[in-house]
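So the structure is just underneath, and the comments pick up after that.
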Amino acid sequence: MRALEPWVVDPLQSFLTESSARLTLLMTTSGQVVAQHGFSRSLDVMTAAALGAGIVASTEELARLMGASRFGALVHHGVGQSCLLSAFATPRGRWIGLVVFGPETSVGIVQLFFDQMVQQLMTAAPREQAASPMLAENFESELNASLKALFGR
Amino acid sequence: MSDDIRSLTDRLAAEPSSLAFLELGEALRRRGQLEAAYKVARGGAGRYPGLADAHDLMARILSDQADLAGAFDSWSSALQLDPMRVSALKGIAFLYFRAGDAVAALDHLQRAAEVDPDDPSIVQAIERVRREVITAGPPPEAEASAPSPVPASPTVTSTPPTRSETAFDGVDGGEQGQLLVDSNGLRLGGTLARVDGFDASDRVAAELAGASREAARATRLLGLGGWHSIALECPDGHMVLSSPTADTVLLTVRDHSLPMARVGLLAERAARAARSWLERVG
Amino acid sequence: MSPTEAALDRVTRIPGVRGVLLVTGSDGLVVAEQLMDGVDGRAAAALTASLVGRLSRAAESAGLRPPAFVHVRGDTGSVLAAPAAVDLVLVAVVGPDANVGLARLEMIEAASRLD
């Protein structure tokens with residue numbers, strides 16, 4: 001498990017222990033990765049983050065068209081693996097969690113401890129630092145730095 | 001010293017070759033004076049090696065002293081001399097039952113019943129052992145270690161039960177249908193055989209560690225504190241999980257004919273035995 | 001009253017029962033519930049379904065059929081579960097003074113009616 005910000009570590013580790021999730025990705029709504037567990041290649045992380053953020057954006061737009069409030073979570077049930085996508089508010093802005101899990105756990109367990117992790121992130125997040133504006137010329141270098149941190153290189 | 005022991009001691013002292021040693025040894029054994037009883041019995045058995053009563057007395061004393069292998073040898077000697085000796089057949093059946101070999105225990109009890117069909121204690125013992133056989137099935141090593149039936153000839157080929165202490169000594173059924181597991185899902189004691197004879201001990205042990213952690217999590221998060229026990233009623237058997245110590249889990253499995261609450265009591269007793277054993281060996 | 005509501009109702013009336021839920025066995029999600037304040041239905045559903053599933057696998061490894069009733073006893077109460085067919089489990093959270101024997105009978109009966 002790797003995280004860019006140290007205050008994410010404990011809540012995420014607790015979630016991983018309790019949920020038995022196989023893969024977990026925390027990212028901003030723009031697809032910037034905050035933490036990951038289980039991925040072995042940086043390309044997979046980038047791809048999953050981009051796709052996850054896109055799916056959440058599409059789903060939220062769908063909810064808006066339906067006149068409904070935001071959907072709490074999206075679950076895709078697969079044969080050998082399932083996937084949960086959920087957006088949530090943090091003091092650092094809106095984040096998205098992508099969790100892949102197998103039959104060794106259940107969607108009920110994953111959701112239960114995902115919500116618990118969100119509560120813990122809300123509590124643990126430092127309040128004093130405002131996020132700096134993202135500039136295009138900084139994006140790639142920041143992404144590369146993030147990937148290095150996330151994969152321990 | 002009681003009057004009977006005094007008078008028997010006087011008799012034996014006056015006539016060392018008398019059979020008073022049998023009565024004296026038994027009286028001392030019943031009073032719990034096992035060391036003294038052993039000395040008396042050893043002296044008498046040495047004088048009368050061909051007397052089945054002497055070996056029978058020695059076996060009872062050794063059994064009380066928890067020298068189960070010695071007791072087995074003595075009862076075997078008694079049966080060599082008197083193949084229809086009911087007390088020796090019952091004694092050996094008891095030792096096999098304690099060692100977890102319910103099949104061999106049942107075999108000896110049935111032979112005792114053939115000799116003395118009116119003894120109610122034999123009938124009750126057979127019923128109880130039969131329940132254990134149904135619940136746990138024959139242990140995989142039973143075929144190899146079970147002794148051949150005692151023949152009319154003096155030669156007895158028997159394998160004595162293990163002398164090593166088990167976690168469930170003194171518990172109904174012994175090690176059969178009990179599994180003591182550490183926090184890593186590794187077996188510490190007990191055996192669990194399926195009805196088809198397959199030894200499921202290690203496989204079930206591996207499942208139990210995770211079950212214990214999940215139970216602890218569930219009761220904690222639901223505001224129920226720690227967990228004490230888990231009882232499962234299955235159509236073909238009952239299971240009770242308990243936690244003798246913080247790092248171990250105990251599974252007790254019994255046939256469904258036994259009421260669930262009774263299985264719970266058995267499990268409590270087994271947990272106490274396991275706890276004591278862990279304190280001694282740990 | 002639907003069979004599901006009737007099932008929950010029977011069990012809720014037993015003294016000491018703090019909450020009753022019908023949950024999916026494989027997902028641990030709530031299908032229906034009747035809960036007192038302070039009982040976390042989502043947690044009860046997810047945690048109990050997961051535990052019952054694991055215990056069922058242990059029973060299967062031991063050569064037994066899946067359980068018809070499960071009683072998890074804690075310091076200050078118990079969780080009871082009666083699996084029904086079609087991947088449903090009837091779950092009850094009870095206090096230490098609950099009549100577990102009666103709850104067991106009602107839950108097994110209610111679970112059988114859900115088949």
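Labeling convention for the structure tokens: chains A, B, ... as they appear, residues from 1 per chain, ligands from 1 in order of appearance.
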
Exercise. Hey, what's within 10 Å of Arg104 (chain C) if we count only C-alpha atoms and toss same-chain stuff fewer than 4 positions away? As a PyMOL selection string, please?
Worked result: chain C and resi 11+68-71+80-82+92+99-100+108-110

Exercise. Could you write out, as an NGL selection string, all the residues of chain C that DSSP marks as helix (DSSP H, G or I)?
Worked result: :C and (3-12 or 41-61 or 100-113)

Exercise. Hey, what's within 8 Å of Ala209 (chain B) if we count only C-alpha atoms and toss same-chain stuff fewer than 4 positions away? As a ChimeraX atom specification, please?
Worked result: /B:181-185,205,213,249

Restricting the output to N, CA and C atoms, write the selected residues as a PDB file, in the first residue's frame.
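Below you can see out_7.pdb, which holds the result:
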ATOM      1  N   VAL B 181      -7.068 -25.202  18.226  1.00  0.00           N
ATOM      2  CA  VAL B 181      -6.371 -24.549  17.119  1.00  0.00           C
ATOM      3  C   VAL B 181      -5.730 -23.261  17.609  1.00  0.00           C
ATOM      4  N   ASP B 182      -4.531 -22.958  17.106  1.00  0.00           N
ATOM      5  CA  ASP B 182      -3.896 -21.698  17.499  1.00  0.00           C
ATOM      6  C   ASP B 182      -4.358 -20.575  16.561  1.00  0.00           C
ATOM      7  N   SER B 183      -3.838 -19.385  16.815  1.00  0.00           N
ATOM      8  CA  SER B 183      -4.317 -18.218  16.071  1.00  0.00           C
ATOM      9  C   SER B 183      -3.921 -18.245  14.605  1.00  0.00           C
ATOM     10  N   ASN B 184      -2.993 -19.132  14.248  1.00  0.00           N
ATOM     11  CA  ASN B 184      -2.589 -19.245  12.845  1.00  0.00           C
ATOM     12  C   ASN B 184      -3.353 -20.331  12.098  1.00  0.00           C
ATOM     13  N   GLY B 185      -4.336 -20.919  12.765  1.00  0.00           N
ATOM     14  CA  GLY B 185      -5.096 -21.978  12.111  1.00  0.00           C
ATOM     15  C   GLY B 185      -4.387 -23.314  12.111  1.00  0.00           C
ATOM     16  N   ALA B 205      -9.255 -26.899  10.960  1.00  0.00           N
ATOM     17  CA  ALA B 205      -8.452 -26.010  11.805  1.00  0.00           C
ATOM     18  C   ALA B 205      -8.107 -24.725  11.061  1.00  0.00           C
ATOM     19  N   ARG B 213     -11.625 -14.696  14.242  1.00  0.00           N
ATOM     20  CA  ARG B 213     -11.388 -13.260  14.023  1.00  0.00           C
ATOM     21  C   ARG B 213     -12.663 -12.569  13.568  1.00  0.00           C
ATOM     22  N   VAL B 249      -8.587 -21.426  19.692  1.00  0.00           N
ATOM     23  CA  VAL B 249     -10.003 -21.678  19.447  1.00  0.00           C
ATOM     24  C   VAL B 249     -10.235 -23.170  19.597  1.00  0.00           C
TER      25      VAL B 249
END

For this session: Find the spatial neighbours of Ala3 (chain A), counting only C-alpha atoms, within a cut-off of 9 Å - ignore same-chain residues fewer than 2 positions away - and output them as a count of residues only.
Result: 16

For this session: Would you please work out which residue, of A:Ala53, A:Leu43, A:Val107, A:Ala125, is nearest to Ser19 (chain A) when using only C-alpha atoms?
Result: A:Val107

Kindly assemble as a Markdown table a list of the chain C residues that lie within 12 Å of chain A, each paired with its nearest atom pair and their distance in Å to one decimal, using only C-alpha atoms, sorted first by chain and then by ascending residue number.
| residue | atom | partner | partner_atom | distance |
| --- | --- | --- | --- | --- |
| C:Val23 | CA | A:Gly108 | CA | 9.9 |
| C:Thr24 | CA | A:Gly108 | CA | 9.2 |
| C:Gly25 | CA | A:Ser106 | CA | 9.2 |
| C:Ser26 | CA | A:Ser106 | CA | 6.5 |
| C:Asp27 | CA | A:Ser106 | CA | 4.9 |
| C:Gly28 | CA | A:Gly108 | CA | 4.6 |
| C:Leu29 | CA | A:Gly108 | CA | 5.3 |
| C:Val30 | CA | A:Gly108 | CA | 8.6 |
| C:Val31 | CA | A:Gly108 | CA | 11.7 |
| C:Asp40 | CA | A:Leu112 | CA | 10.4 |
| C:Gly41 | CA | A:Leu112 | CA | 10.5 |
| C:Arg42 | CA | A:Leu112 | CA | 7.0 |
| C:Ala43 | CA | A:Leu112 | CA | 6.4 |
| C:Ala44 | CA | A:Gly108 | CA | 9.8 |
| C:Ala45 | CA | A:Gly108 | CA | 7.4 |
| C:Ala46 | CA | A:Gly108 | CA | 4.7 |
| C:Leu47 | CA | A:Ile109 | CA | 6.7 |
| C:Thr48 | CA | A:Ile109 | CA | 9.8 |
| C:Ala49 | CA | A:Gly108 | CA | 8.7 |
| C:Ser50 | CA | A:Ser106 | CA | 7.2 |
| C:Leu51 | CA | A:Thr105 | CA | 10.3 |
| C:Gly53 | CA | A:Thr105 | CA | 9.8 |
| C:Arg54 | CA | A:Glu104 | CA | 9.3 |
| C:Arg57 | CA | A:Glu104 | CA | 11.6 |

Residue subset to file, keeping N, CA and C atoms, as a compact mmCIF listing (two decimals), in the first residue's frame:
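Final output, saved to again_18.txt:
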# COMPACT_ATOMS: atom_id res chain seq x y z
N VAL C 23 -31.33 -10.60 5.32
CA VAL C 23 -30.17 -10.14 4.56
C VAL C 23 -29.84 -11.15 3.47
N THR C 24 -29.12 -10.68 2.47
CA THR C 24 -28.64 -11.61 1.45
C THR C 24 -27.37 -12.28 1.97
N GLY C 25 -27.30 -13.57 1.77
CA GLY C 25 -26.18 -14.32 2.33
C GLY C 25 -24.86 -14.01 1.66
N SER C 26 -24.86 -13.94 0.34
CA SER C 26 -23.59 -13.76 -0.36
C SER C 26 -23.11 -12.31 -0.34
N ASP C 27 -24.01 -11.35 -0.33
CA ASP C 27 -23.63 -9.94 -0.39
C ASP C 27 -23.62 -9.26 0.97
N GLY C 28 -24.37 -9.78 1.92
CA GLY C 28 -24.47 -9.13 3.22
C GLY C 28 -25.22 -7.82 3.17
N LEU C 29 -26.20 -7.72 2.27
CA LEU C 29 -26.99 -6.49 2.15
C LEU C 29 -28.37 -6.69 2.78
N VAL C 30 -28.91 -5.59 3.27
CA VAL C 30 -30.20 -5.66 3.94
C VAL C 30 -31.32 -5.76 2.92
N VAL C 31 -32.21 -6.71 3.14
CA VAL C 31 -33.41 -6.83 2.32
C VAL C 31 -34.58 -6.18 3.03
N ASP C 40 -27.05 -1.10 14.41
CA ASP C 40 -26.56 -0.76 13.07
C ASP C 40 -26.93 -1.89 12.12
N GLY C 41 -27.97 -1.69 11.36
CA GLY C 41 -28.48 -2.74 10.48
C GLY C 41 -27.49 -3.13 9.41
N ARG C 42 -26.85 -2.15 8.82
CA ARG C 42 -25.89 -2.46 7.73
C ARG C 42 -24.75 -3.31 8.27
N ALA C 43 -24.26 -2.93 9.43
CA ALA C 43 -23.15 -3.69 10.02
C ALA C 43 -23.61 -5.10 10.39
N ALA C 44 -24.79 -5.19 10.99
CA ALA C 44 -25.31 -6.50 11.38
C ALA C 44 -25.46 -7.39 10.16
N ALA C 45 -25.98 -6.83 9.09
CA ALA C 45 -26.18 -7.60 7.86
C ALA C 45 -24.86 -8.08 7.29
N ALA C 46 -23.95 -7.17 7.09
CA ALA C 46 -22.68 -7.51 6.43
C ALA C 46 -21.86 -8.46 7.29
N LEU C 47 -21.73 -8.16 8.57
CA LEU C 47 -20.85 -8.95 9.44
C LEU C 47 -21.45 -10.34 9.69
N THR C 48 -22.75 -10.42 9.91
CA THR C 48 -23.36 -11.72 10.19
C THR C 48 -23.36 -12.60 8.96
N ALA C 49 -23.70 -12.03 7.82
CA ALA C 49 -23.70 -12.83 6.58
C ALA C 49 -22.30 -13.38 6.31
N SER C 50 -21.30 -12.55 6.51
CA SER C 50 -19.92 -13.00 6.27
C SER C 50 -19.53 -14.11 7.24
N LEU C 51 -19.89 -13.93 8.51
CA LEU C 51 -19.54 -14.93 9.52
C LEU C 51 -20.28 -16.25 9.27
N GLY C 53 -21.32 -17.37 6.48
CA GLY C 53 -20.72 -17.99 5.31
C GLY C 53 -19.44 -18.74 5.68
N ARG C 54 -18.63 -18.10 6.47
CA ARG C 54 -17.37 -18.74 6.88
C ARG C 54 -17.64 -19.97 7.73
N ARG C 57 -18.72 -22.89 5.68
CA ARG C 57 -17.59 -23.55 5.00
C ARG C 57 -16.85 -24.46 5.98

Problem set entry | Among the residues C:Asp75, C:Asp9, C:Asp37, C:Glu60, the one that comes closest to chain B [using only C-alpha atoms] | C:Asp75

Problem set entry | Filtered DSSP result for region 12-121 of chain A, state strand (DSSP E or B), as number ranges by chain | A: 23-28, 33-37, 74-76, 82-90, 93-101

Filtering to N, CA and C atoms, could you give me those residues as an mmCIF file, in the first residue's frame?
data_model
loop_
_atom_site.group_PDB
_atom_site.id
_atom_site.type_symbol
_atom_site.label_atom_id
_atom_site.label_comp_id
_atom_site.auth_asym_id
_atom_site.auth_seq_id
_atom_site.Cartn_x
_atom_site.Cartn_y
_atom_site.Cartn_z
ATOM 1 N N LEU A 23 -7.734 -4.867 -4.799
ATOM 2 C CA LEU A 23 -7.143 -3.652 -5.354
ATOM 3 C C LEU A 23 -7.903 -2.466 -4.794
ATOM 4 N N THR A 24 -7.195 -1.393 -4.497
ATOM 5 C CA THR A 24 -7.863 -0.178 -4.019
ATOM 6 C C THR A 24 -7.134 1.028 -4.580
ATOM 7 N N LEU A 25 -7.922 1.968 -5.009
ATOM 8 C CA LEU A 25 -7.367 3.206 -5.564
ATOM 9 C C LEU A 25 -8.156 4.378 -4.978
ATOM 10 N N LEU A 26 -7.458 5.331 -4.427
ATOM 11 C CA LEU A 26 -8.101 6.582 -3.989
ATOM 12 C C LEU A 26 -7.578 7.683 -4.895
ATOM 13 N N MET A 27 -8.491 8.508 -5.410
ATOM 14 C CA MET A 27 -8.069 9.545 -6.359
ATOM 15 C C MET A 27 -9.001 10.739 -6.242
ATOM 16 N N THR A 28 -8.542 11.830 -6.824
ATOM 17 C CA THR A 28 -9.404 13.004 -6.900
ATOM 18 C C THR A 28 -10.365 12.815 -8.071
ATOM 19 N N VAL A 33 -4.084 10.422 -8.589
ATOM 20 C CA VAL A 33 -4.044 9.327 -7.614
ATOM 21 C C VAL A 33 -3.519 9.814 -6.264
ATOM 22 N N VAL A 34 -4.203 9.403 -5.219
ATOM 23 C CA VAL A 34 -3.812 9.762 -3.854
ATOM 24 C C VAL A 34 -3.165 8.567 -3.149
ATOM 25 N N ALA A 35 -3.714 7.384 -3.392
ATOM 26 C CA ALA A 35 -3.169 6.183 -2.748
ATOM 27 C C ALA A 35 -3.588 4.974 -3.552
ATOM 28 N N GLN A 36 -2.788 3.908 -3.427
ATOM 29 C CA GLN A 36 -3.145 2.680 -4.137
ATOM 30 C C GLN A 36 -2.661 1.457 -3.367
ATOM 31 N N HIS A 37 -3.345 0.354 -3.641
ATOM 32 C CA HIS A 37 -2.935 -0.926 -3.051
ATOM 33 C C HIS A 37 -3.228 -2.013 -4.061
ATOM 34 N N LEU A 74 -21.414 2.789 -6.755
ATOM 35 C CA LEU A 74 -21.713 2.010 -7.956
ATOM 36 C C LEU A 74 -21.002 0.682 -7.783
ATOM 37 N N VAL A 75 -21.732 -0.399 -7.958
ATOM 38 C CA VAL A 75 -21.113 -1.717 -7.801
ATOM 39 C C VAL A 75 -21.303 -2.499 -9.083
ATOM 40 N N HIS A 76 -20.224 -3.006 -9.596
ATOM 41 C CA HIS A 76 -20.294 -3.915 -10.735
ATOM 42 C C HIS A 76 -19.985 -5.318 -10.232
ATOM 43 N N SER A 82 -15.498 -8.332 -8.319
ATOM 44 C CA SER A 82 -16.481 -7.262 -8.395
ATOM 45 C C SER A 82 -15.778 -5.954 -8.109
ATOM 46 N N CYS A 83 -16.477 -4.864 -8.408
ATOM 47 C CA CYS A 83 -15.836 -3.556 -8.313
ATOM 48 C C CYS A 83 -16.806 -2.569 -7.688
ATOM 49 N N LEU A 84 -16.299 -1.765 -6.776
ATOM 50 C CA LEU A 84 -17.103 -0.713 -6.164
ATOM 51 C C LEU A 84 -16.456 0.618 -6.488
ATOM 52 N N LEU A 85 -17.271 1.568 -6.900
ATOM 53 C CA LEU A 85 -16.815 2.933 -7.151
ATOM 54 C C LEU A 85 -17.661 3.870 -6.305
ATOM 55 N N SER A 86 -17.022 4.722 -5.552
ATOM 56 C CA SER A 86 -17.794 5.616 -4.703
ATOM 57 C C SER A 86 -17.074 6.939 -4.559
ATOM 58 N N ALA A 87 -17.799 8.029 -4.749
ATOM 59 C CA ALA A 87 -17.245 9.365 -4.549
ATOM 60 C C ALA A 87 -17.636 9.857 -3.163
ATOM 61 N N PHE A 88 -16.744 10.604 -2.534
ATOM 62 C CA PHE A 88 -17.031 11.080 -1.181
ATOM 63 C C PHE A 88 -16.287 12.395 -0.944
ATOM 64 N N ALA A 89 -16.801 13.156 -0.002
ATOM 65 C CA ALA A 89 -16.227 14.456 0.313
ATOM 66 C C ALA A 89 -15.134 14.313 1.360
ATOM 67 N N THR A 90 -14.085 15.087 1.166
ATOM 68 C CA THR A 90 -13.023 15.187 2.174
ATOM 69 C C THR A 90 -12.687 16.665 2.321
ATOM 70 N N GLY A 93 -11.283 18.146 -0.723
ATOM 71 C CA GLY A 93 -12.074 18.116 -1.953
ATOM 72 C C GLY A 93 -12.742 16.767 -2.126
ATOM 73 N N ARG A 94 -13.343 16.600 -3.265
ATOM 74 C CA ARG A 94 -14.080 15.371 -3.525
ATOM 75 C C ARG A 94 -13.130 14.308 -4.061
ATOM 76 N N TRP A 95 -13.162 13.119 -3.452
ATOM 77 C CA TRP A 95 -12.318 12.015 -3.877
ATOM 78 C C TRP A 95 -13.188 10.864 -4.377
ATOM 79 N N ILE A 96 -12.513 9.934 -5.021
ATOM 80 C CA ILE A 96 -13.197 8.730 -5.505
ATOM 81 C C ILE A 96 -12.422 7.508 -5.012
ATOM 82 N N GLY A 97 -13.188 6.510 -4.590
ATOM 83 C CA GLY A 97 -12.550 5.252 -4.228
ATOM 84 C C GLY A 97 -12.953 4.177 -5.218
ATOM 85 N N LEU A 98 -11.970 3.427 -5.688
ATOM 86 C CA LEU A 98 -12.227 2.301 -6.577
ATOM 87 C C LEU A 98 -11.702 1.058 -5.864
ATOM 88 N N VAL A 99 -12.579 0.098 -5.648
ATOM 89 C CA VAL A 99 -12.198 -1.096 -4.907
ATOM 90 C C VAL A 99 -12.560 -2.334 -5.719
ATOM 91 N N VAL A 100 -11.608 -3.201 -5.891
ATOM 92 C CA VAL A 100 -11.856 -4.479 -6.558
ATOM 93 C C VAL A 100 -11.762 -5.579 -5.495
ATOM 94 N N PHE A 101 -12.768 -6.437 -5.473
ATOM 95 C CA PHE A 101 -12.774 -7.482 -4.449
ATOM 96 C C PHE A 101 -13.281 -8.794 -5.031
#

For this session: Show me which bits of chain B are within 10 Å of chain C, counting only C-alpha atoms, as a VMD selection string.
Result: chain B and resid 136 177 192 to 208 210 to 242 253

For this session: Give me, please, the distance in Å between CA of Lys39 (chain B) and CA of Phe72 (chain B), quoted to one decimal.
Result: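 Value for the CA of Lys39 (chain B)-CA of Phe72 (chain B) distance: 18.3 Å.
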
Exercise. Do you have the CA of Leu57 (chain B)-CA of Gly173 (chain B) distance handy?
Worked result: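 Taking CA of Leu57 (chain B) as the start and CA of Gly173 (chain B) as the end point, the length is 25.1 Å.
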
Exercise. Which of these, A:Thr59, A:Gln119, A:Ser20, A:Ser69, has the shortest distance to chain B once you count only C-alpha atoms?
Worked result: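 That would be A:Ser20, the residue with the smallest distance to chain B.
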
Exercise. So how many Å separate CA of Ala274 (chain B) and CA of Ala167 (chain B), to one decimal?
Worked result: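 Rounded to one decimal, the two atoms are 4.9 Å apart.
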
For this session: Can you pull out every residue within 10 Å of Phe21 (chain B), counting only C-alpha atoms, but drop anything in the same chain fewer than 4 positions away, and send it as a PyMOL selection string?
Result: chain B and resi 8-9+11-13+16-17+25-27+37+39-45+54+57

For this session: Write out as a PyMOL selection string each polymer residue whose atoms come within 8 Å of Tyr96 (chain B), counting only C-alpha atoms; drop sequence neighbours fewer than 5 positions from it.
Result: chain B and resi 101-102+104-105+161
